[in-house]
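Scroll down for the structure; my scribbles are underneath it.
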Amino acid sequence: MKIPRDLSGSALALTLCKSWGYKEVHHTGSHIILETEEPSHHRISVPAHRYLRIGTLNAILRSVSRHKNTTRKRILGTL
């Protein structure tokens, strides 16, 4: 599955909250801080930019997929 190039940070944060068990802890400057306790504690920072860069999006997806023990394709399917 191809990585979207027009995905905003707030849309990614919303998807991670609705589908993957993350909660928005706070919004500091231009970053949204998300965390989850499933299956253990994990905290990530998502830039609240209009369009996420490919490398940034890829790093966030890699971190979430490793923590949730799933594939990046499965996460991309929920976007």
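We label chains A, B, ... in the order they appear in the structure tokens, count residues from 1 in each chain, and number ligands from 1 in the order shown.
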Exercise for the section: Give me the residues within 10 Å of range 30-47 of chain A as JSON, numbers by chain, counting only C-alpha atoms and dropping any in the same chain fewer than 5 places off. Expected result: {"A": [8, 9, 10, 12, 13, 14, 16, 17, 20, 21, 22, 23, 24, 25, 52, 53, 56, 57, 60, 63, 64, 67, 68, 69]}
Exercise for the section: For range 70-72 of chain A, work out the shell of residues within 10 Å, counting only C-alpha atoms and skipping chain neighbours fewer than 4 positions away, then give it as an MDAnalysis selection string. Expected result: chainID A and resid 1 3 58 60:66 76:77
Exercise for the section: Taking the DSSP assignment computed from this structure's backbone, write out as a ChimeraX atom specification all residues of chain A that belong to helix (DSSP H, G or I). Expected result: /A:9-20,54-68,72-77
Problem - Atomic separation - CA of Pro4 in chain A relative to CA of Gly55 in chain A, Å - result: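 Atom-to-atom, CA of Gly55 in chain A to CA of Pro4 in chain A, that is 11.6 Å.
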Practice task
Could you please determine the separation between CA of Arg50 in chain A and CA of Ser19 in chain A in Å, to one decimal place?
Solution key: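 CA of Ser19 in chain A lies at a distance of 21.1 Å from CA of Arg50 in chain A.
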Exercise for the section: Record the distance separating CA of Asp6 in chain A and CA of Lys18 in chain A, expressed in Å with one decimal. Expected result: 19.7 Å
Practice task
Name the residues of range 20-73 of chain A that come out as strand (DSSP E) in a backbone DSSP run; write them as a list in words.
Solution key: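 Answer for range 20-73 of chain A restricted to strand (DSSP E) is Lys23, Glu24, Val25, His26, His27, Thr28, His31, Ile32, Ile33, Leu34, Glu35, Thr36, His42, Arg43, Ile44, Ser45, Val46 and Pro47 of chain A.
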